[in-house]
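Next comes structure-v2.pdb, with PDB, C-alpha atoms.
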```
MODEL        1
ATOM      1  CA  MET U   1      64.306  58.274  57.797
ATOM      2  CA  THR U   2      67.871  58.575  56.576
ATOM      3  CA  THR U   3      70.028  55.837  55.109
ATOM      4  CA  ARG U   4      72.685  54.731  57.563
ATOM      5  CA  GLU U   5      76.087  53.412  56.591
ATOM      6  CA  LYS U   6      76.249  51.144  59.657
ATOM      7  CA  PRO U   7      73.645  49.687  62.060
ATOM      8  CA  TRP U   8      74.901  51.767  64.991
ATOM      9  CA  HIS U   9      74.755  55.130  63.211
ATOM     10  CA  GLY U  10      71.994  57.720  63.620
ATOM     11  CA  VAL U  11      69.518  58.105  66.453
ATOM     12  CA  MET U  12      69.489  54.832  68.362
ATOM     13  CA  VAL U  13      67.057  55.097  71.257
ATOM     14  CA  ALA U  14      68.033  53.490  74.534
ATOM     15  CA  THR U  15      64.546  52.215  75.121
ATOM     16  CA  ALA U  16      62.716  52.431  78.402
ATOM     17  CA  LEU U  17      60.828  49.235  79.183
ATOM     18  CA  PRO U  18      57.080  49.554  79.822
ATOM     19  CA  LEU U  19      56.076  47.830  83.054
ATOM     20  CA  ARG U  20      52.578  47.113  84.302
ATOM     21  CA  ASP U  21      51.437  48.082  87.796
ATOM     22  CA  ASP U  22      52.494  44.627  89.033
ATOM     23  CA  LEU U  23      55.975  45.305  87.566
ATOM     24  CA  SER U  24      55.643  42.639  84.884
ATOM     25  CA  VAL U  25      56.968  43.502  81.421
ATOM     26  CA  ASP U  26      54.378  44.641  78.886
ATOM     27  CA  TYR U  27      55.944  43.144  75.758
ATOM     28  CA  ASP U  28      53.100  44.225  73.484
ATOM     29  CA  ALA U  29      53.511  47.815  74.610
ATOM     30  CA  TYR U  30      57.268  47.537  74.189
ATOM     31  CA  GLY U  31      57.019  46.262  70.629
ATOM     32  CA  GLU U  32      54.562  49.011  69.757
ATOM     33  CA  HIS U  33      56.863  51.575  71.349
ATOM     34  CA  CYS U  34      59.813  50.407  69.225
ATOM     35  CA  ARG U  35      57.719  50.661  66.059
ATOM     36  CA  TRP U  36      56.488  54.134  67.065
ATOM     37  CA  LEU U  37      60.047  55.361  67.607
ATOM     38  CA  VAL U  38      61.157  54.224  64.156
ATOM     39  CA  ASP U  39      57.973  55.589  62.563
ATOM     40  CA  SER U  40      58.753  58.899  64.293
ATOM     41  CA  GLY U  41      62.130  59.151  62.583
ATOM     42  CA  CYS U  42      64.500  57.330  64.916
ATOM     43  CA  ASP U  43      66.962  54.963  63.265
ATOM     44  CA  GLY U  44      66.801  52.111  65.741
ATOM     45  CA  VAL U  45      66.612  50.963  69.334
ATOM     46  CA  VAL U  46      68.984  49.844  72.071
ATOM     47  CA  PRO U  47      67.147  47.430  74.394
ATOM     48  CA  ASN U  48      68.557  46.189  77.692
ATOM     49  CA  GLY U  49      70.572  49.265  78.534
ATOM     50  CA  SER U  50      70.431  50.970  81.913
ATOM     51  CA  LEU U  51      67.332  52.844  80.792
ATOM     52  CA  GLY U  52      65.770  49.469  80.034
ATOM     53  CA  GLU U  53      66.421  48.317  83.627
ATOM     54  CA  TYR U  54      68.330  45.285  82.371
ATOM     55  CA  GLN U  55      69.866  44.666  85.790
ATOM     56  CA  THR U  56      66.419  43.792  87.191
ATOM     57  CA  LEU U  57      65.351  41.414  84.417
ATOM     58  CA  THR U  58      65.413  37.629  84.507
ATOM     59  CA  PRO U  59      67.395  35.945  81.698
ATOM     60  CA  GLU U  60      64.108  34.931  80.080
ATOM     61  CA  GLU U  61      62.792  38.496  80.195
ATOM     62  CA  ARG U  62      66.012  39.929  78.869
ATOM     63  CA  ALA U  63      66.064  37.557  75.890
ATOM     64  CA  ARG U  64      62.420  38.194  75.099
ATOM     65  CA  VAL U  65      62.954  41.975  75.145
ATOM     66  CA  VAL U  66      65.552  41.598  72.383
ATOM     67  CA  GLU U  67      63.336  39.270  70.386
ATOM     68  CA  THR U  68      60.390  41.650  70.751
ATOM     69  CA  ALA U  69      62.446  44.572  69.457
ATOM     70  CA  VAL U  70      63.727  42.588  66.466
ATOM     71  CA  GLU U  71      60.226  41.438  65.599
ATOM     72  CA  ALA U  72      58.988  45.030  65.821
ATOM     73  CA  VAL U  73      61.612  46.886  63.769
ATOM     74  CA  GLY U  74      64.050  44.363  62.262
ATOM     75  CA  GLY U  75      67.421  43.200  63.489
ATOM     76  CA  ASP U  76      69.436  45.819  61.597
ATOM     77  CA  ARG U  77      67.761  48.449  63.783
ATOM     78  CA  VAL U  78      68.389  46.685  67.113
ATOM     79  CA  MET U  79      71.628  47.017  69.095
ATOM     80  CA  PRO U  80      71.115  45.362  72.501
ATOM     81  CA  GLY U  81      73.069  46.203  75.579
ATOM     82  CA  ILE U  82      74.900  43.027  76.628
ATOM     83  CA  ALA U  83      76.477  44.189  79.880
ATOM     84  CA  ALA U  84      77.158  41.502  82.456
ATOM     85  CA  TYR U  85      79.376  40.925  85.476
ATOM     86  CA  GLY U  86      81.671  38.637  83.518
ATOM     87  CA  ALA U  87      82.913  38.319  79.955
ATOM     88  CA  LEU U  88      81.533  34.808  79.523
ATOM     89  CA  GLU U  89      78.009  35.938  80.351
ATOM     90  CA  ALA U  90      78.345  39.020  78.156
ATOM     91  CA  ARG U  91      79.494  36.787  75.300
ATOM     92  CA  ARG U  92      76.413  34.604  75.746
ATOM     93  CA  TRP U  93      74.232  37.721  75.458
ATOM     94  CA  ALA U  94      76.131  38.706  72.310
ATOM     95  CA  GLU U  95      75.465  35.261  70.885
ATOM     96  CA  GLN U  96      71.790  35.575  71.778
ATOM     97  CA  ALA U  97      71.683  38.917  69.956
ATOM     98  CA  ARG U  98      73.381  37.369  66.927
ATOM     99  CA  GLU U  99      70.910  34.497  66.843
ATOM    100  CA  ALA U 100      68.018  36.959  67.124
ATOM    101  CA  GLY U 101      69.331  38.770  64.037
ATOM    102  CA  CYS U 102      70.728  41.964  65.588
ATOM    103  CA  GLY U 103      73.206  44.080  63.655
ATOM    104  CA  ALA U 104      75.470  45.104  66.553
ATOM    105  CA  VAL U 105      75.738  45.090  70.347
ATOM    106  CA  MET U 106      76.730  47.602  73.041
ATOM    107  CA  LEU U 107      79.100  46.524  75.804
ATOM    108  CA  LEU U 108      80.193  48.093  79.077
ATOM    109  CA  PRO U 109      83.583  47.155  80.527
ATOM    110  CA  PRO U 110      83.591  44.691  83.431
ATOM    111  CA  ASN U 111      81.428  46.230  86.149
ATOM    112  CA  ALA U 112      81.761  43.778  89.007
ATOM    113  CA  TYR U 113      85.027  45.325  90.147
ATOM    114  CA  ARG U 114      87.528  47.960  89.054
ATOM    115  CA  ALA U 115      89.181  46.108  86.207
ATOM    116  CA  ASP U 116      92.647  47.164  85.060
ATOM    117  CA  GLU U 117      93.455  47.704  81.392
ATOM    118  CA  PRO U 118      94.531  44.123  80.610
ATOM    119  CA  ALA U 119      91.272  42.841  82.142
ATOM    120  CA  VAL U 120      89.255  45.316  80.065
ATOM    121  CA  VAL U 121      90.985  44.239  76.851
ATOM    122  CA  ALA U 122      90.454  40.563  77.724
ATOM    123  CA  HIS U 123      86.768  41.277  78.418
ATOM    124  CA  TYR U 124      86.195  42.807  74.987
ATOM    125  CA  ARG U 125      88.330  40.159  73.285
ATOM    126  CA  GLU U 126      86.181  37.382  74.745
ATOM    127  CA  VAL U 127      82.900  38.975  73.707
ATOM    128  CA  ALA U 128      84.189  39.813  70.222
ATOM    129  CA  GLN U 129      84.351  36.071  69.531
ATOM    130  CA  ALA U 130      80.562  36.136  69.151
ATOM    131  CA  GLY U 131      81.169  37.835  65.811
ATOM    132  CA  LEU U 132      78.969  40.936  66.075
ATOM    133  CA  PRO U 133      80.266  44.515  65.840
ATOM    134  CA  ILE U 134      80.717  45.912  69.354
ATOM    135  CA  VAL U 135      80.086  49.488  70.407
ATOM    136  CA  GLY U 136      81.874  50.116  73.689
ATOM    137  CA  TYR U 137      80.077  52.037  76.404
ATOM    138  CA  ASN U 138      82.124  54.359  78.570
ATOM    139  CA  ASN U 139      80.307  55.203  81.792
ATOM    140  CA  PRO U 140      82.949  55.502  84.521
ATOM    141  CA  ILE U 141      80.421  57.255  86.767
ATOM    142  CA  ASP U 142      78.587  53.949  87.249
ATOM    143  CA  THR U 143      81.161  51.278  86.397
ATOM    144  CA  LYS U 144      84.219  52.933  88.019
ATOM    145  CA  VAL U 145      86.180  51.772  84.956
ATOM    146  CA  ASP U 146      87.201  54.546  82.575
ATOM    147  CA  LEU U 147      87.608  53.721  78.903
ATOM    148  CA  THR U 148      90.123  56.486  78.306
ATOM    149  CA  PRO U 149      90.857  57.645  74.757
ATOM    150  CA  ARG U 150      94.143  55.738  74.860
ATOM    151  CA  LEU U 151      92.440  52.509  75.993
ATOM    152  CA  LEU U 152      89.680  52.907  73.423
ATOM    153  CA  ALA U 153      92.334  53.373  70.752
ATOM    154  CA  THR U 154      93.897  50.077  71.843
ATOM    155  CA  LEU U 155      90.567  48.250  71.709
ATOM    156  CA  HIS U 156      89.884  49.676  68.255
ATOM    157  CA  ALA U 157      93.378  48.894  66.931
ATOM    158  CA  ASP U 158      92.902  45.300  68.093
ATOM    159  CA  GLY U 159      89.631  45.076  66.148
ATOM    160  CA  LEU U 160      87.520  44.632  69.267
ATOM    161  CA  ILE U 161      85.215  47.670  68.979
ATOM    162  CA  VAL U 162      83.784  49.714  66.121
ATOM    163  CA  GLY U 163      82.555  52.662  68.166
ATOM    164  CA  VAL U 164      81.970  54.037  71.634
ATOM    165  CA  LYS U 165      79.026  55.496  73.473
ATOM    166  CA  GLU U 166      80.810  58.309  75.308
ATOM    167  CA  PHE U 167      78.921  59.203  78.484
ATOM    168  CA  THR U 168      81.468  61.213  80.446
ATOM    169  CA  GLY U 169      80.171  64.513  79.078
ATOM    170  CA  ASP U 170      83.780  65.549  78.416
ATOM    171  CA  VAL U 171      83.672  66.829  74.847
ATOM    172  CA  ARG U 172      87.458  67.168  74.808
ATOM    173  CA  ARG U 173      87.700  63.390  74.580
ATOM    174  CA  VAL U 174      86.082  63.384  71.151
ATOM    175  CA  TYR U 175      88.928  65.413  69.710
ATOM    176  CA  GLU U 176      91.538  63.234  71.399
ATOM    177  CA  LEU U 177      89.848  60.097  70.068
ATOM    178  CA  ALA U 178      89.932  61.551  66.553
ATOM    179  CA  GLU U 179      93.702  61.845  66.929
ATOM    180  CA  LEU U 180      94.354  58.471  68.558
ATOM    181  CA  ALA U 181      91.733  56.338  66.778
ATOM    182  CA  PRO U 182      90.506  58.175  63.672
ATOM    183  CA  GLY U 183      88.455  55.203  62.494
ATOM    184  CA  LEU U 184      86.532  54.789  65.758
ATOM    185  CA  ASP U 185      82.910  55.965  65.613
ATOM    186  CA  VAL U 186      81.895  58.226  68.486
ATOM    187  CA  LEU U 187      78.261  58.098  69.579
ATOM    188  CA  ILE U 188      76.721  60.770  71.773
ATOM    189  CA  GLY U 189      76.040  59.145  75.131
ATOM    190  CA  SER U 190      74.652  62.000  77.235
ATOM    191  CA  ASP U 191      71.567  63.800  75.945
ATOM    192  CA  ASP U 192      72.618  67.128  77.442
ATOM    193  CA  VAL U 193      75.845  67.424  75.416
ATOM    194  CA  LEU U 194      74.252  66.375  72.138
ATOM    195  CA  LEU U 195      75.021  69.567  70.241
ATOM    196  CA  GLU U 196      78.595  69.852  71.452
ATOM    197  CA  VAL U 197      79.509  66.234  70.670
ATOM    198  CA  ALA U 198      77.712  66.304  67.319
ATOM    199  CA  LEU U 199      79.736  69.329  66.274
ATOM    200  CA  ALA U 200      82.904  67.569  67.461
ATOM    201  CA  GLY U 201      82.365  64.702  65.025
ATOM    202  CA  ALA U 202      79.878  62.133  66.364
ATOM    203  CA  VAL U 203      78.140  59.802  63.925
ATOM    204  CA  GLY U 204      75.255  58.750  66.151
ATOM    205  CA  TRP U 205      73.322  59.309  69.347
ATOM    206  CA  ILE U 206      72.353  56.610  71.828
ATOM    207  CA  ALA U 207      69.483  58.630  73.139
ATOM    208  CA  GLY U 208      67.209  58.731  76.161
ATOM    209  CA  TYR U 209      64.645  61.479  75.752
ATOM    210  CA  PRO U 210      63.391  60.466  72.295
ATOM    211  CA  ASN U 211      61.425  57.863  74.277
ATOM    212  CA  ALA U 212      59.063  60.738  75.074
ATOM    213  CA  LEU U 213      59.699  63.314  72.327
ATOM    214  CA  PRO U 214      61.161  61.534  69.302
ATOM    215  CA  VAL U 215      60.178  63.906  66.498
ATOM    216  CA  SER U 216      61.720  67.007  68.063
ATOM    217  CA  SER U 217      64.741  65.066  69.304
ATOM    218  CA  VAL U 218      65.441  63.707  65.821
ATOM    219  CA  ALA U 219      64.996  67.179  64.334
ATOM    220  CA  LEU U 220      67.565  68.489  66.814
ATOM    221  CA  TYR U 221      70.026  65.701  65.979
ATOM    222  CA  ARG U 222      69.666  66.125  62.219
ATOM    223  CA  ALA U 223      70.152  69.886  62.478
ATOM    224  CA  ALA U 224      73.209  69.454  64.685
ATOM    225  CA  MET U 225      74.749  66.936  62.304
ATOM    226  CA  ALA U 226      74.101  69.308  59.384
ATOM    227  CA  ARG U 227      75.750  72.177  61.334
ATOM    228  CA  ASP U 228      72.451  74.046  61.005
ATOM    229  CA  LEU U 229      72.768  76.074  64.194
ATOM    230  CA  ASP U 230      69.859  78.372  63.304
ATOM    231  CA  THR U 231      67.598  75.334  63.688
ATOM    232  CA  ALA U 232      69.551  73.394  66.296
ATOM    233  CA  LEU U 233      70.180  76.044  68.946
ATOM    234  CA  PRO U 234      66.546  77.039  69.575
ATOM    235  CA  LEU U 235      65.520  73.369  69.758
ATOM    236  CA  TYR U 236      68.428  72.578  72.075
ATOM    237  CA  ARG U 237      67.476  75.412  74.400
ATOM    238  CA  SER U 238      63.842  74.297  74.430
ATOM    239  CA  LEU U 239      64.710  70.667  75.166
ATOM    240  CA  HIS U 240      67.702  71.063  77.458
ATOM    241  CA  ALA U 241      65.753  71.256  80.715
ATOM    242  CA  LEU U 242      64.593  67.721  79.891
ATOM    243  CA  LEU U 243      67.766  66.429  78.259
ATOM    244  CA  ARG U 244      69.846  67.107  81.361
ATOM    245  CA  TRP U 245      67.784  64.543  83.313
ATOM    246  CA  ASP U 246      69.497  61.865  81.207
ATOM    247  CA  SER U 247      72.665  62.468  83.246
ATOM    248  CA  LYS U 248      70.995  62.332  86.672
ATOM    249  CA  THR U 249      70.727  59.305  88.951
ATOM    250  CA  GLU U 250      66.936  59.319  88.535
ATOM    251  CA  PHE U 251      67.056  59.360  84.720
ATOM    252  CA  VAL U 252      64.933  56.234  84.294
ATOM    253  CA  GLN U 253      62.143  57.543  86.516
ATOM    254  CA  ALA U 254      62.286  60.978  84.887
ATOM    255  CA  ILE U 255      62.133  59.708  81.308
ATOM    256  CA  LYS U 256      59.344  57.275  82.154
ATOM    257  CA  LEU U 257      57.341  60.093  83.752
ATOM    258  CA  SER U 258      57.819  62.240  80.657
ATOM    259  CA  MET U 259      56.654  59.293  78.548
ATOM    260  CA  ASP U 260      53.517  58.927  80.671
ATOM    261  CA  ILE U 261      52.762  62.642  80.340
ATOM    262  CA  ALA U 262      53.310  62.486  76.568
ATOM    263  CA  GLY U 263      50.913  59.538  76.290
ATOM    264  CA  ARG U 264      53.538  56.839  75.907
ATOM    265  CA  PRO U 265      53.749  53.569  77.897
ATOM    266  CA  GLY U 266      56.303  54.259  80.607
ATOM    267  CA  GLY U 267      54.926  53.014  83.880
ATOM    268  CA  PRO U 268      56.736  52.319  87.154
ATOM    269  CA  CYS U 269      60.297  51.113  87.723
ATOM    270  CA  ARG U 270      61.461  47.950  89.411
ATOM    271  CA  PRO U 271      63.373  48.140  92.689
ATOM    272  CA  PRO U 272      65.840  49.384  93.694
ATOM    273  CA  ARG U 273      64.577  52.394  91.743
ATOM    274  CA  GLY U 274      61.763  54.074  93.626
ATOM    275  CA  PRO U 275      59.459  56.911  92.611
ATOM    276  CA  LEU U 276      60.743  60.428  92.161
ATOM    277  CA  THR U 277      60.400  62.747  95.116
ATOM    278  CA  ALA U 278      57.481  65.152  94.979
ATOM    279  CA  GLU U 279      59.878  67.979  94.141
ATOM    280  CA  GLN U 280      61.581  66.016  91.342
ATOM    281  CA  GLU U 281      58.249  64.931  89.896
ATOM    282  CA  ALA U 282      57.006  68.503  89.877
ATOM    283  CA  VAL U 283      60.084  69.676  87.977
ATOM    284  CA  VAL U 284      59.917  66.899  85.369
ATOM    285  CA  ARG U 285      56.190  67.346  84.963
ATOM    286  CA  ALA U 286      56.494  71.108  84.513
ATOM    287  CA  VAL U 287      59.237  70.998  81.889
ATOM    288  CA  THR U 288      57.564  68.139  80.004
ATOM    289  CA  GLU U 289      54.225  69.909  79.899
ATOM    290  CA  LYS U 290      55.959  73.122  78.801
ATOM    291  CA  ALA U 291      57.686  71.281  75.944
ATOM    292  CA  LEU U 292      54.418  69.717  74.832
ATOM    293  CA  ALA U 293      52.632  73.074  75.026
ATOM    294  CA  GLU U 294      55.331  74.557  72.771
ATOM    295  CA  GLY U 295      54.530  71.918  70.159
ATOM    296  CA  LEU U 296      57.519  69.661  70.786
ATOM    297  CA  ARG U 297      56.728  66.005  70.318
TER     298      ARG U 297
ENDMDL
END
```

Just dump the structure as structure tokens.
Amino acid sequence: MTTREKPWHGVMVATALPLRDDLSVDYDAYGEHCRWLVDSGCDGVVPNGSLGEYQTLTPEERARVVETAVEAVGGDRVMPGIAAYGALEARRWAEQAREAGCGAVMLLPPNAYRADEPAVVAHYREVAQAGLPIVGYNNPIDTKVDLTPRLLATLHADGLIVGVKEFTGDVRRVYELAELAPGLDVLIGSDDVLLEVALAGAVGWIAGYPNALPVSSVALYRAAMARDLDTALPLYRSLHALLRWDSKTEFVQAIKLSMDIAGRPGGPCRPPRGPLTAEQEAVVRAVTEKALAEGLR
């Protein structure tokens, strides 16, 4: 475990949420999973992100997930996703995270419609009133709202965000952000560009595949951050066939299957996510078993 300067730095795992066969949440398994991730070298957890199927949870479930994570690993290691259709609801989730003792929150732009830049700024300004540091989340693939480097620089200059989870996969943006907003922390958002974004200046990784293979994933991240390419490149090549699933539509199902194979509590997904196709399952199973056979864990 390394000492972090800020609660959003380091390897923050976007946690998958263990579900039972009846699709109820297994909170005991989730708490144990959070503890296992931190014990395996991860710096913290990000509950209620897309990987945590937050869109399918009731308000009571969503609140309890955050409370379970805080109880398991401590609030300074928990950065909940607080995405919502409207800023008022997102602010309420930020306030819930604050009351639970969390150190920061992660916030998508408005995702109910294609918000223009003034609406995006107003959204973050409203949620910032909850008083917790906000890491923006740029995922224009899903939200249809692009937090461009220029817009992120505006949000940062206005004191509304401290960092951004950059999910576009466009490494060029990291360099532009360093020019436009040099104090803004960039967090790796897509597992399959980890090495490239780390070398470009990231200070953290909001990660998917450590849910299944945390030790090797953390070793890869630490080597990349240390510019130790002799260690990082072989690990990256070994893990990349799995890491690239983090950017696919079926990423939740794929990561949960890898967790099941690795002996972790993954389980099924709630609708509208269905099972992987037979072909997809075979691919994920093969590359996961290969990684485990090579001693990755």

Got a sec to resolve the PyMOL selection byres ((chain U and resi 130-145) around 8) on this structure and send the residues as a short mmCIF file (atom, residue, chain, number, x, y, z; two decimals) with C-alpha atoms, in the frame of the given file?
```cif
data_model
loop_
_atom_site.label_atom_id
_atom_site.label_comp_id
_atom_site.auth_asym_id
_atom_site.auth_seq_id
_atom_site.Cartn_x
_atom_site.Cartn_y
_atom_site.Cartn_z
CA TRP U 8 74.90 51.77 64.99
CA ARG U 91 79.49 36.79 75.30
CA ARG U 92 76.41 34.60 75.75
CA ALA U 94 76.13 38.71 72.31
CA GLU U 95 75.46 35.26 70.89
CA ARG U 98 73.38 37.37 66.93
CA GLY U 103 73.21 44.08 63.66
CA ALA U 104 75.47 45.10 66.55
CA VAL U 105 75.74 45.09 70.35
CA MET U 106 76.73 47.60 73.04
CA LEU U 107 79.10 46.52 75.80
CA LEU U 108 80.19 48.09 79.08
CA PRO U 109 83.58 47.16 80.53
CA PRO U 110 83.59 44.69 83.43
CA ASN U 111 81.43 46.23 86.15
CA ALA U 112 81.76 43.78 89.01
CA TYR U 113 85.03 45.32 90.15
CA ARG U 114 87.53 47.96 89.05
CA ALA U 115 89.18 46.11 86.21
CA ASP U 116 92.65 47.16 85.06
CA VAL U 127 82.90 38.98 73.71
CA ALA U 128 84.19 39.81 70.22
CA GLN U 129 84.35 36.07 69.53
CA ASP U 146 87.20 54.55 82.58
CA LEU U 147 87.61 53.72 78.90
CA LEU U 160 87.52 44.63 69.27
CA ILE U 161 85.22 47.67 68.98
CA VAL U 162 83.78 49.71 66.12
CA GLY U 163 82.56 52.66 68.17
CA VAL U 164 81.97 54.04 71.63
CA LYS U 165 79.03 55.50 73.47
CA GLU U 166 80.81 58.31 75.31
CA PHE U 167 78.92 59.20 78.48
CA THR U 168 81.47 61.21 80.45
#
```

>> Which residue is closest to Pro7 in chain U? Choose from U:Glu61, U:Glu99, U:Asp26, U:Asp185 and count all atoms listed in the file.
In response: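 Residue with the minimum atom-to-atom distance to Pro7 in chain U: U:Asp185.
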
> Within 12 Å of (74.5, 54.8, 58.6), in the coordinates the file gives, what residues turn up when you count all atoms listed in the file, written out as number ranges by chain?
Replying inline: U: 1-12, 43-44, 76-77, 103, 185, 202-205

>> Here's the selection I'm unsure about, the PyMOL selection byres ((chain U and resi 255-262) around 9); applied to the file above, which residues does it give, as a PyMOL selection string?
In response: chain U and resi 16-18+51+208-209+211-213+242+245-246+250-254+263-269+281+284-285+287-289+292+297

> If the PyMOL selection byres ((chain U and resi 65-68) around 8) is run on the structure shown, which residues does it catch, given as a list of chain:residue names?
Replying inline: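 In the shown coordinates, the PyMOL selection byres ((chain U and resi 65-68) around 8) covers U:Tyr27, U:Tyr30, U:Gly31, U:Pro47, U:Asn48, U:Glu61, U:Arg62, U:Ala63, U:Arg64, U:Ala69, U:Val70, U:Glu71, U:Ala72, U:Val78, U:Pro80, U:Ala97, U:Ala100.
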
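Surrounding residues of (63.8, 78.2, 69.6) at most 12 Å away are U:Ser216, U:Leu220, U:Leu229, U:Asp230, U:Thr231, U:Ala232, U:Leu233, U:Pro234, U:Leu235, U:Tyr236, U:Arg237, U:Ser238, U:Leu239, U:His240, U:Ala291, U:Glu294, U:Gly295, U:Leu296 (based on only C-alpha atoms).
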
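Among U:Leu151, U:Val171, U:Val121, U:Ser247, the residue with the shortest atom-to-atom distance to Asp192 in chain U, counting all atoms listed in the file, is U:Ser247.
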
If I wrap all listed atoms of range 41-57 of chain U in a box with edges along x, y and z and add 8 Å on each side, what are its centre and edge lengths in Å to one decimal, as AutoDock Vina command-line options?
```
--center_x 66.4 --center_y 50.3 --center_z 74.9 --size_x 24.4 --size_y 33.7 --size_z 40.6
```
